[in-house]
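Enquirer: Structure: start_26.pdb, PDB, C-alpha atoms.
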```pdb
ATOM      1  CA  MET G   1       0.000   0.000   0.000
ATOM      2  CA  GLU G   2       1.374   3.407  -0.949
ATOM      3  CA  PHE G   3       2.171   6.085   1.631
ATOM      4  CA  ASP G   4      -0.544   8.467   0.424
ATOM      5  CA  SER G   5      -3.183   5.721   0.489
ATOM      6  CA  ALA G   6      -2.335   4.887   4.085
ATOM      7  CA  CYS G   7      -2.510   8.594   4.983
ATOM      8  CA  GLU G   8      -5.977   8.854   3.453
ATOM      9  CA  ILE G   9      -7.267   5.861   5.427
ATOM     10  CA  ILE G  10      -5.759   7.218   8.642
ATOM     11  CA  ARG G  11      -7.509  10.530   7.998
ATOM     12  CA  ARG G  12     -10.880   8.905   7.283
ATOM     13  CA  THR G  13     -10.779   6.625  10.327
ATOM     14  CA  ARG G  14      -9.363   9.154  12.783
ATOM     15  CA  LYS G  15     -12.625   9.478  14.731
ATOM     16  CA  ILE G  16     -13.297   5.740  14.960
ATOM     17  CA  GLU G  17     -12.765   4.560  18.515
ATOM     18  CA  GLY G  18      -9.743   2.294  18.905
ATOM     19  CA  TRP G  19      -6.039   2.024  19.721
ATOM     20  CA  PHE G  20      -4.427   1.770  16.289
ATOM     21  CA  TRP G  21      -1.514   4.217  16.056
ATOM     22  CA  PRO G  22      -1.074   6.053  12.746
ATOM     23  CA  ALA G  23       2.586   4.976  12.709
ATOM     24  CA  ALA G  24       1.480   1.347  13.109
ATOM     25  CA  ALA G  25      -0.830   1.793  10.123
ATOM     26  CA  HIS G  26       2.142   2.973   8.073
ATOM     27  CA  LEU G  27       4.122  -0.063   9.237
ATOM     28  CA  PHE G  28       1.297  -2.300   7.990
ATOM     29  CA  ALA G  29       1.364  -0.466   4.658
ATOM     30  CA  LEU G  30       5.138  -0.938   4.379
ATOM     31  CA  LEU G  31       4.892  -4.673   5.047
ATOM     32  CA  ASP G  32       2.045  -4.982   2.558
ATOM     33  CA  GLU G  33       4.087  -3.160  -0.078
ATOM     34  CA  ILE G  34       7.029  -5.517   0.493
ATOM     35  CA  GLN G  35       4.789  -8.553   0.127
ATOM     36  CA  LYS G  36       3.270  -7.286  -3.085
ATOM     37  CA  SER G  37       6.634  -6.315  -4.565
ATOM     38  CA  VAL G  38       7.918  -9.893  -4.248
ATOM     39  CA  GLY G  39       4.621 -11.572  -5.201
ATOM     40  CA  ILE G  40       3.553 -12.951  -1.811
ATOM     41  CA  GLU G  41      -0.157 -13.756  -1.983
ATOM     42  CA  GLY G  42      -2.665 -14.995   0.556
ATOM     43  CA  ASN G  43      -5.496 -14.022   2.841
ATOM     44  CA  ILE G  44      -5.488 -11.616   5.768
ATOM     45  CA  PHE G  45      -6.846 -12.381   9.234
ATOM     46  CA  GLU G  46      -7.351 -10.332  12.380
ATOM     47  CA  ILE G  47      -8.061 -11.414  15.941
ATOM     48  CA  GLY G  48      -9.570  -8.553  17.914
ATOM     49  CA  ALA G  49     -11.390  -5.934  15.849
ATOM     50  CA  TYR G  50     -13.213  -3.664  18.329
ATOM     51  CA  HIS G  51     -14.880  -0.946  16.175
ATOM     52  CA  GLY G  52     -12.932  -1.845  13.028
ATOM     53  CA  LYS G  53     -10.259   0.874  12.947
ATOM     54  CA  SER G  54      -7.471  -1.493  11.839
ATOM     55  CA  ALA G  55      -9.818  -3.707   9.811
ATOM     56  CA  VAL G  56     -10.479  -0.827   7.395
ATOM     57  CA  LEU G  57      -6.776  -0.647   6.569
ATOM     58  CA  LEU G  58      -6.516  -4.423   6.269
ATOM     59  CA  CYS G  59      -9.418  -4.396   3.809
ATOM     60  CA  ALA G  60      -7.572  -1.854   1.687
ATOM     61  CA  MET G  61      -4.598  -4.227   1.566
ATOM     62  CA  LEU G  62      -6.635  -6.945  -0.197
ATOM     63  CA  ARG G  63      -5.993  -7.705  -3.868
ATOM     64  CA  GLY G  64      -9.575  -7.526  -5.079
ATOM     65  CA  ASN G  65     -11.516 -10.781  -4.892
ATOM     66  CA  ALA G  66      -8.364 -12.895  -4.985
ATOM     67  CA  GLU G  67      -7.884 -12.478  -1.220
ATOM     68  CA  SER G  68     -10.180 -12.318   1.793
ATOM     69  CA  LEU G  69     -10.136 -10.694   5.215
ATOM     70  CA  GLY G  70     -11.273 -12.747   8.189
ATOM     71  CA  VAL G  71     -12.061 -11.032  11.489
ATOM     72  CA  CYS G  72     -12.649 -12.758  14.819
ATOM     73  CA  ASP G  73     -13.949 -11.028  17.927
ATOM     74  CA  ARG G  74     -16.519 -11.675  20.624
ATOM     75  CA  PHE G  75     -17.502  -8.008  20.211
ATOM     76  CA  GLY G  76     -18.158  -7.627  23.915
ATOM     77  CA  CYS G  77     -21.075 -10.066  23.801
ATOM     78  CA  SER G  78     -21.943 -12.228  26.783
ATOM     79  CA  SER G  79     -22.723 -15.899  26.247
ATOM     80  CA  ASP G  80     -25.409 -15.931  28.940
ATOM     81  CA  ARG G  81     -27.180 -12.670  28.066
ATOM     82  CA  ASN G  82     -28.680 -11.216  24.932
ATOM     83  CA  VAL G  83     -26.228  -8.336  24.678
ATOM     84  CA  ALA G  84     -25.310  -6.858  21.305
ATOM     85  CA  GLY G  85     -21.927  -5.558  22.470
ATOM     86  CA  PHE G  86     -20.070  -3.404  19.936
ATOM     87  CA  ARG G  87     -20.799  -5.475  16.835
ATOM     88  CA  PRO G  88     -23.146  -2.765  15.463
ATOM     89  CA  GLN G  89     -20.324  -0.197  15.629
ATOM     90  CA  PHE G  90     -17.971  -2.576  13.794
ATOM     91  CA  ASP G  91     -20.547  -3.264  11.088
ATOM     92  CA  ARG G  92     -21.181   0.449  10.640
ATOM     93  CA  THR G  93     -17.444   1.139  10.317
ATOM     94  CA  MET G  94     -16.995  -1.492   7.631
ATOM     95  CA  ARG G  95     -20.105  -0.349   5.783
ATOM     96  CA  ASN G  96     -19.002   3.290   5.758
ATOM     97  CA  HIS G  97     -15.268   2.970   5.265
ATOM     98  CA  SER G  98     -14.531  -0.190   3.284
ATOM     99  CA  SER G  99     -15.652  -1.940   0.132
ATOM    100  CA  ALA G 100     -14.689  -5.480   1.122
ATOM    101  CA  GLY G 101     -18.164  -6.887   0.494
ATOM    102  CA  SER G 102     -18.063 -10.662   0.168
ATOM    103  CA  CYS G 103     -14.290 -10.644   0.799
ATOM    104  CA  LEU G 104     -14.962  -9.924   4.488
ATOM    105  CA  ARG G 105     -15.722 -12.838   6.823
ATOM    106  CA  VAL G 106     -16.718 -11.999  10.423
ATOM    107  CA  LEU G 107     -16.533 -14.693  13.101
ATOM    108  CA  GLN G 108     -18.124 -13.809  16.438
ATOM    109  CA  LYS G 109     -16.521 -16.339  18.777
ATOM    110  CA  ASP G 110     -13.540 -17.024  21.034
ATOM    111  CA  SER G 111     -10.356 -16.893  19.006
ATOM    112  CA  ALA G 112      -8.968 -20.013  20.720
ATOM    113  CA  ASP G 113     -11.774 -21.999  19.052
ATOM    114  CA  LEU G 114     -10.877 -20.916  15.517
ATOM    115  CA  THR G 115     -10.303 -23.740  13.057
ATOM    116  CA  PRO G 116      -7.951 -23.800  10.056
ATOM    117  CA  GLU G 117     -11.021 -23.858   7.833
ATOM    118  CA  GLU G 118     -12.151 -20.544   9.350
ATOM    119  CA  THR G 119      -8.792 -18.773   9.248
ATOM    120  CA  THR G 120      -7.686 -20.527   6.041
ATOM    121  CA  THR G 121      -4.160 -21.909   5.928
ATOM    122  CA  ASN G 122      -2.573 -19.537   3.421
ATOM    123  CA  CYS G 123      -2.653 -16.196   5.253
ATOM    124  CA  ARG G 124       0.048 -13.723   4.275
ATOM    125  CA  PHE G 125      -0.789 -11.279   7.079
ATOM    126  CA  PHE G 126      -2.174 -12.201  10.520
ATOM    127  CA  HIS G 127      -2.863  -9.436  13.071
ATOM    128  CA  ILE G 128      -3.260 -10.485  16.728
ATOM    129  CA  ASP G 129      -4.943  -7.860  18.912
ATOM    130  CA  GLY G 130      -7.309  -9.919  21.042
ATOM    131  CA  GLY G 131      -6.989 -10.905  24.690
ATOM    132  CA  HIS G 132      -3.758  -9.682  26.269
ATOM    133  CA  GLY G 133      -3.329 -12.375  28.908
ATOM    134  CA  GLY G 134      -0.471 -14.845  28.619
ATOM    135  CA  ARG G 135      -2.686 -17.823  27.853
ATOM    136  CA  GLU G 136      -4.769 -15.897  25.314
ATOM    137  CA  VAL G 137      -1.727 -14.618  23.425
ATOM    138  CA  TYR G 138      -0.175 -18.088  23.385
ATOM    139  CA  ASP G 139      -3.397 -19.629  22.045
ATOM    140  CA  ASP G 140      -3.704 -16.934  19.362
ATOM    141  CA  LEU G 141      -0.127 -17.552  18.232
ATOM    142  CA  VAL G 142      -0.917 -21.262  17.955
ATOM    143  CA  VAL G 143      -3.913 -20.383  15.763
ATOM    144  CA  ALA G 144      -1.706 -18.115  13.653
ATOM    145  CA  SER G 145       0.932 -20.826  13.253
ATOM    146  CA  LYS G 146      -1.666 -23.028  11.549
ATOM    147  CA  ALA G 147      -2.974 -20.196   9.363
ATOM    148  CA  VAL G 148       0.105 -18.383   8.075
ATOM    149  CA  GLY G 149       1.757 -19.502   4.845
ATOM    150  CA  PRO G 150       5.506 -20.046   4.396
ATOM    151  CA  ASN G 151       6.168 -16.375   3.572
ATOM    152  CA  GLY G 152       3.490 -14.812   5.753
ATOM    153  CA  LEU G 153       3.705 -12.397   8.671
ATOM    154  CA  VAL G 154       2.215 -12.317  12.156
ATOM    155  CA  VAL G 155       1.826  -8.911  13.811
ATOM    156  CA  LEU G 156       1.365  -8.964  17.590
ATOM    157  CA  ASP G 157      -0.163  -5.951  19.347
ATOM    158  CA  ASP G 158       1.235  -4.392  22.551
ATOM    159  CA  PHE G 159       4.511  -6.212  22.086
ATOM    160  CA  HIS G 160       6.690  -5.425  25.124
ATOM    161  CA  ASN G 161       4.126  -2.891  26.358
ATOM    162  CA  SER G 162       4.679  -2.627  30.127
ATOM    163  CA  ALA G 163       0.940  -2.088  30.622
ATOM    164  CA  TRP G 164       0.251  -5.575  29.229
ATOM    165  CA  PRO G 165       2.972  -7.993  30.449
ATOM    166  CA  GLY G 166       0.825 -10.966  29.472
ATOM    167  CA  VAL G 167       1.607 -10.314  25.801
ATOM    168  CA  ALA G 168       5.327 -10.836  26.416
ATOM    169  CA  GLU G 169       4.553 -13.852  28.596
ATOM    170  CA  GLY G 170       2.495 -15.494  25.857
ATOM    171  CA  PHE G 171       5.079 -14.678  23.188
ATOM    172  CA  PHE G 172       8.064 -16.105  25.075
ATOM    173  CA  ARG G 173       6.109 -19.195  26.103
ATOM    174  CA  PHE G 174       5.239 -19.811  22.463
ATOM    175  CA  MET G 175       8.840 -19.308  21.360
ATOM    176  CA  HIS G 176      10.030 -21.739  24.047
ATOM    177  CA  GLU G 177       7.424 -24.456  23.496
ATOM    178  CA  ARG G 178       7.203 -24.240  19.704
ATOM    179  CA  PRO G 179      10.708 -23.358  18.495
ATOM    180  CA  GLY G 180      11.166 -22.862  14.781
ATOM    181  CA  GLU G 181       7.585 -21.786  14.062
ATOM    182  CA  PHE G 182       8.308 -18.048  13.970
ATOM    183  CA  VAL G 183      11.217 -15.652  14.472
ATOM    184  CA  PRO G 184      11.116 -11.900  15.179
ATOM    185  CA  LEU G 185      11.464  -9.632  12.165
ATOM    186  CA  ALA G 186      10.710  -6.135  13.481
ATOM    187  CA  VAL G 187       9.534  -4.375  16.630
ATOM    188  CA  GLY G 188       8.043  -0.907  16.758
ATOM    189  CA  PHE G 189       4.998   1.322  17.041
ATOM    190  CA  ASN G 190       3.503  -0.977  19.704
ATOM    191  CA  LYS G 191       3.737  -3.992  17.362
ATOM    192  CA  GLY G 192       5.951  -7.046  17.058
ATOM    193  CA  VAL G 193       6.329  -8.578  13.602
ATOM    194  CA  LEU G 194       7.101 -12.290  13.243
ATOM    195  CA  THR G 195       7.725 -14.470  10.221
ATOM    196  CA  ARG G 196       8.769 -17.997   9.333
ATOM    197  CA  PRO G 197      12.528 -18.595   9.710
ATOM    198  CA  SER G 198      12.801 -19.417   5.995
ATOM    199  CA  ALA G 199      11.282 -16.026   5.032
ATOM    200  CA  HIS G 200      13.298 -13.897   7.430
ATOM    201  CA  GLY G 201      16.037 -13.052   4.928
ATOM    202  CA  LEU G 202      13.538 -12.120   2.245
ATOM    203  CA  TYR G 203      12.023  -9.351   4.373
ATOM    204  CA  ARG G 204      15.333  -8.256   5.862
ATOM    205  CA  ARG G 205      16.640  -7.342   2.421
ATOM    206  CA  PHE G 206      14.000  -4.629   2.265
ATOM    207  CA  LEU G 207      14.069  -3.521   5.902
ATOM    208  CA  ASN G 208      17.851  -3.150   5.845
ATOM    209  CA  ASP G 209      17.327   0.015   3.795
ATOM    210  CA  PRO G 210      16.381   2.891   6.169
ATOM    211  CA  ALA G 211      15.476   5.141   3.233
ATOM    212  CA  ARG G 212      12.839   2.632   2.125
ATOM    213  CA  CYS G 213      11.428   2.463   5.654
ATOM    214  CA  TRP G 214      11.168   6.227   6.041
ATOM    215  CA  ALA G 215       9.604   6.567   2.621
ATOM    216  CA  ALA G 216       6.650   4.596   4.027
ATOM    217  CA  ILE G 217       6.662   5.532   7.717
ATOM    218  CA  PRO G 218       6.471   9.080   9.134
ATOM    219  CA  ARG G 219       9.839   9.888  10.655
ATOM    220  CA  GLY G 220       8.453  11.453  13.820
ATOM    221  CA  PRO G 221      10.870  11.128  16.738
ATOM    222  CA  PHE G 222      11.810   7.576  15.770
ATOM    223  CA  SER G 223      15.123   5.961  14.962
ATOM    224  CA  VAL G 224      15.795   2.544  13.449
ATOM    225  CA  LYS G 225      18.486   0.040  14.329
ATOM    226  CA  THR G 226      19.142  -3.684  14.082
ATOM    227  CA  ILE G 227      19.571  -5.812  17.199
ATOM    228  CA  GLU G 228      19.840  -9.532  17.881
ATOM    229  CA  PHE G 229      16.614 -10.799  19.441
ATOM    230  CA  CYS G 230      15.720 -14.448  19.980
ATOM    231  CA  GLY G 231      18.816 -15.371  18.003
ATOM    232  CA  VAL G 232      18.073 -13.413  14.819
ATOM    233  CA  ASP G 233      18.665  -9.885  13.539
ATOM    234  CA  THR G 234      15.579  -7.800  14.259
ATOM    235  CA  VAL G 235      14.734  -4.297  13.063
ATOM    236  CA  LEU G 236      13.811  -2.008  15.933
ATOM    237  CA  PHE G 237      11.917   1.243  15.464
ATOM    238  CA  HIS G 238      12.392   3.128  18.715
ATOM    239  CA  THR G 239      12.177   6.512  20.367
ATOM    240  CA  PRO G 240      15.722   7.680  21.138
ATOM    241  CA  SER G 241      16.846   9.699  24.103
ATOM    242  CA  HIS G 242      15.579  13.275  24.103
ATOM    243  CA  ARG G 243      19.217  14.356  24.480
ATOM    244  CA  SER G 244      19.656  14.705  20.756
ATOM    245  CA  PRO G 245      21.566  17.373  18.789
ATOM    246  CA  ASP G 246      18.536  17.568  16.512
ATOM    247  CA  LEU G 247      16.096  19.963  18.211
ATOM    248  CA  ARG G 248      13.016  18.619  16.434
ATOM    249  CA  ARG G 249      13.835  15.061  17.449
ATOM    250  CA  SER G 250      14.387  16.160  21.050
ATOM    251  CA  ILE G 251      10.997  17.870  21.181
ATOM    252  CA  LEU G 252       9.184  14.963  19.547
ATOM    253  CA  SER G 253      10.891  12.433  21.825
ATOM    254  CA  ILE G 254       9.799  14.294  24.954
ATOM    255  CA  VAL G 255       6.220  14.654  23.687
ATOM    256  CA  HIS G 256       6.135  10.995  22.601
ATOM    257  CA  GLN G 257       6.851   9.819  26.151
ATOM    258  CA  HIS G 258       3.623  11.401  27.378
ATOM    259  CA  ARG G 259       1.387  11.855  24.335
ATOM    260  CA  PRO G 260       2.430   9.323  21.656
ATOM    261  CA  ARG G 261      -0.500   9.964  19.336
ATOM    262  CA  PHE G 262      -0.052  13.708  19.508
ATOM    263  CA  ALA G 263       3.682  13.265  18.803
ATOM    264  CA  ASP G 264       2.762  11.127  15.806
ATOM    265  CA  ALA G 265       0.534  13.885  14.429
ATOM    266  CA  LEU G 266       3.090  16.581  15.217
ATOM    267  CA  GLY G 267       5.758  14.633  13.340
ATOM    268  CA  ARG G 268       3.558  14.582  10.270
ATOM    269  CA  VAL G 269       2.869  18.314  10.524
ATOM    270  CA  LEU G 270       6.583  19.001  10.702
ATOM    271  CA  ARG G 271       7.051  16.594   7.783
ATOM    272  CA  TYR G 272      10.042  15.250   9.657
ATOM    273  CA  HIS G 273       9.998  11.989   7.739
ATOM    274  CA  ARG G 274      10.541  13.916   4.513
ATOM    275  CA  SER G 275      13.366  16.101   5.777
ATOM    276  CA  ARG G 276      15.708  13.378   7.002
ATOM    277  CA  THR G 277      16.585   9.859   5.865
ATOM    278  CA  ALA G 278      19.262   8.784   8.347
TER
END
```
Is it possible to give me this structure as structure tokens?
Expert:
Amino acid sequence: MEFDSACEIIRRTRKIEGWFWPAAAHLFALLDEIQKSVGIEGNIFEIGAYHGKSAVLLCAMLRGNAESLGVCDRFGCSSDRNVAGFRPQFDRTMRNHSSAGSCLRVLQKDSADLTPEETTTNCRFFHIDGGHGGREVYDDLVVASKAVGPNGLVVLDDFHNSAWPGVAEGFFRFMHERPGEFVPLAVGFNKGVLTRPSAHGLYRRFLNDPARCWAAIPRGPFSVKTIEFCGVDTVLFHTPSHRSPDLRRSILSIVHQHRPRFADALGRVLRYHRSRTA
């Protein structure tokens, strides 16, 4: 997905309730563009949709009728009461902001009960943003491992977020108990990106180029570096120390610590991603 297309979707969905950072949306667009440039095909699936803020972007990533988007969420519904939850808000979002039509499949159930027939087994992009407890994250990663194709990606929400330690617990348990299923590829913007070990080098060839990354992602206060994580080289998008010789980066770093979404917007206003490439 091109940078301008992602910007347009971010603008249109700005008022939809949810926790999908604009910078994370640009990361999704970058990963989608990499997949399309090397001919990786497959379906898209999301666990945890809330009001559909991220699902709108995922719909825009589809290649017409050749691919489908599956969404799984309980939508706040109780099994013992006739409560509608937030499914009406999700349906309204998709009706007003996407044109997925028959390409969209909505499954209102516990994600741990998903079957390979429901997720399909050739997903190229699998977004996990459901329950944030250790057991829930582990179970969702198991579901993803059965759904993602050999060159696909898994994107895990609130990766290493100190407010949700269960996400890290579930991730490391999965890595320990099911070694070789996935390896880390990138971490940043509140997301962790995983891929199959055999596909790691394919994506790294693109992510090794900072100029390509910043052409797709607003520069904001962020820096990029490569670290070894779980035994493999992993791209890390991070907020550097505010003690920077670059005044704009210093300001954005300080703001980002307290108001990350505002810092994201401020970075775009300053067009910082356009002014620097290093």
Enquirer: Using all atoms listed in the file, find each residue in region 14-46 of chain G having at least one atom no more than 7 Å away from region 119-134 of chain G; report its shortest atom-to-atom pair and that distance in Å (one decimal), rows by chain then rising number, as JSON lines.
Expert:
```
{"residue": "G:Glu41", "atom": "CA", "partner": "G:Arg124", "partner_atom": "CA", "distance": 6.3}
{"residue": "G:Gly42", "atom": "CA", "partner": "G:Arg124", "partner_atom": "CA", "distance": 4.8}
{"residue": "G:Asn43", "atom": "CA", "partner": "G:Cys123", "partner_atom": "CA", "distance": 4.3}
{"residue": "G:Ile44", "atom": "CA", "partner": "G:Phe125", "partner_atom": "CA", "distance": 4.9}
{"residue": "G:Phe45", "atom": "CA", "partner": "G:Phe126", "partner_atom": "CA", "distance": 4.8}
{"residue": "G:Glu46", "atom": "CA", "partner": "G:His127", "partner_atom": "CA", "distance": 4.6}
```
Enquirer: Can you spell out as a PyMOL selection string the set of residues that the PyMOL selection byres ((chain G and resi 151) around 7) selects in the structure I just provided?
Expert: chain G and resi 40+124+149-150+152-153+196+199
Enquirer: Measuring between all atoms listed in the file, which one of G:Val56, G:Glu228, G:Asp233, G:Val142 shows the shortest distance to Arg12 (chain G)?
Expert: G:Val56
Enquirer: I'd like the residues picked by the PyMOL selection byres ((chain G and resi 29-39) around 8) written out as a count of residues only, using the chain letters and numbers from the file.
Expert: 16
Enquirer: When distances are computed from all atoms listed in the file, which of G:Asn208, G:Thr239, G:Asn65, G:Thr234 shows the smallest separation from Asn190 (chain G)?
Expert: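 Result for the nearest residue to Asn190 (chain G): G:Thr239.
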Enquirer: For a quick check of understanding, using all atoms listed in the file, which of G:His97, G:Arg259, G:Arg74, G:Arg178 has the smallest distance to Glu8 (chain G)?
Expert: G:His97
Enquirer: With a distance cut-off of 10 Å and all atoms listed in the file, select the neighbouring residues of Ile10 (chain G), excluding the residue or stretch itself and same-chain residues fewer than 6 positions from it, and output the selection as a list in words.
Expert: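 Within the cut-off, the hits are Asp4, Ile16, Phe20, Trp21, Pro22, Ala23, Ala25, His26, Lys53, Ser54, Val56 and Leu57 of chain G.
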Enquirer: Measuring between only C-alpha atoms, which one of G:Phe237, G:Pro88, G:Val106, G:Arg205 shows the shortest distance to Ala24 (chain G)?
Expert: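 Counting only C-alpha atoms, the residue closest to Ala24 (chain G) is G:Phe237.
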Enquirer: For CA of His238 (chain G) and CA of Lys225 (chain G), quote the distance in Å rounded to one decimal.
Expert: 8.1 Å
Enquirer: Please report the interatomic distance between CA of Phe75 (chain G) and CA of Tyr50 (chain G) in Å with one decimal.
Expert: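 Interatomic distance here is 6.4 Å.
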Enquirer: Pick from G:Arg63, G:Pro165, G:Glu136, G:Thr115: nearest to Cys103 (chain G), with all atoms listed in the file counted?
Expert: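 Nearest to Cys103 (chain G): G:Arg63.
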Enquirer: Quick one: distance from CA of Arg173 (chain G) to CA of Leu114 (chain G) in Å, one decimal?
Expert: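 Distance reported for this atom pair: 20.1 Å.
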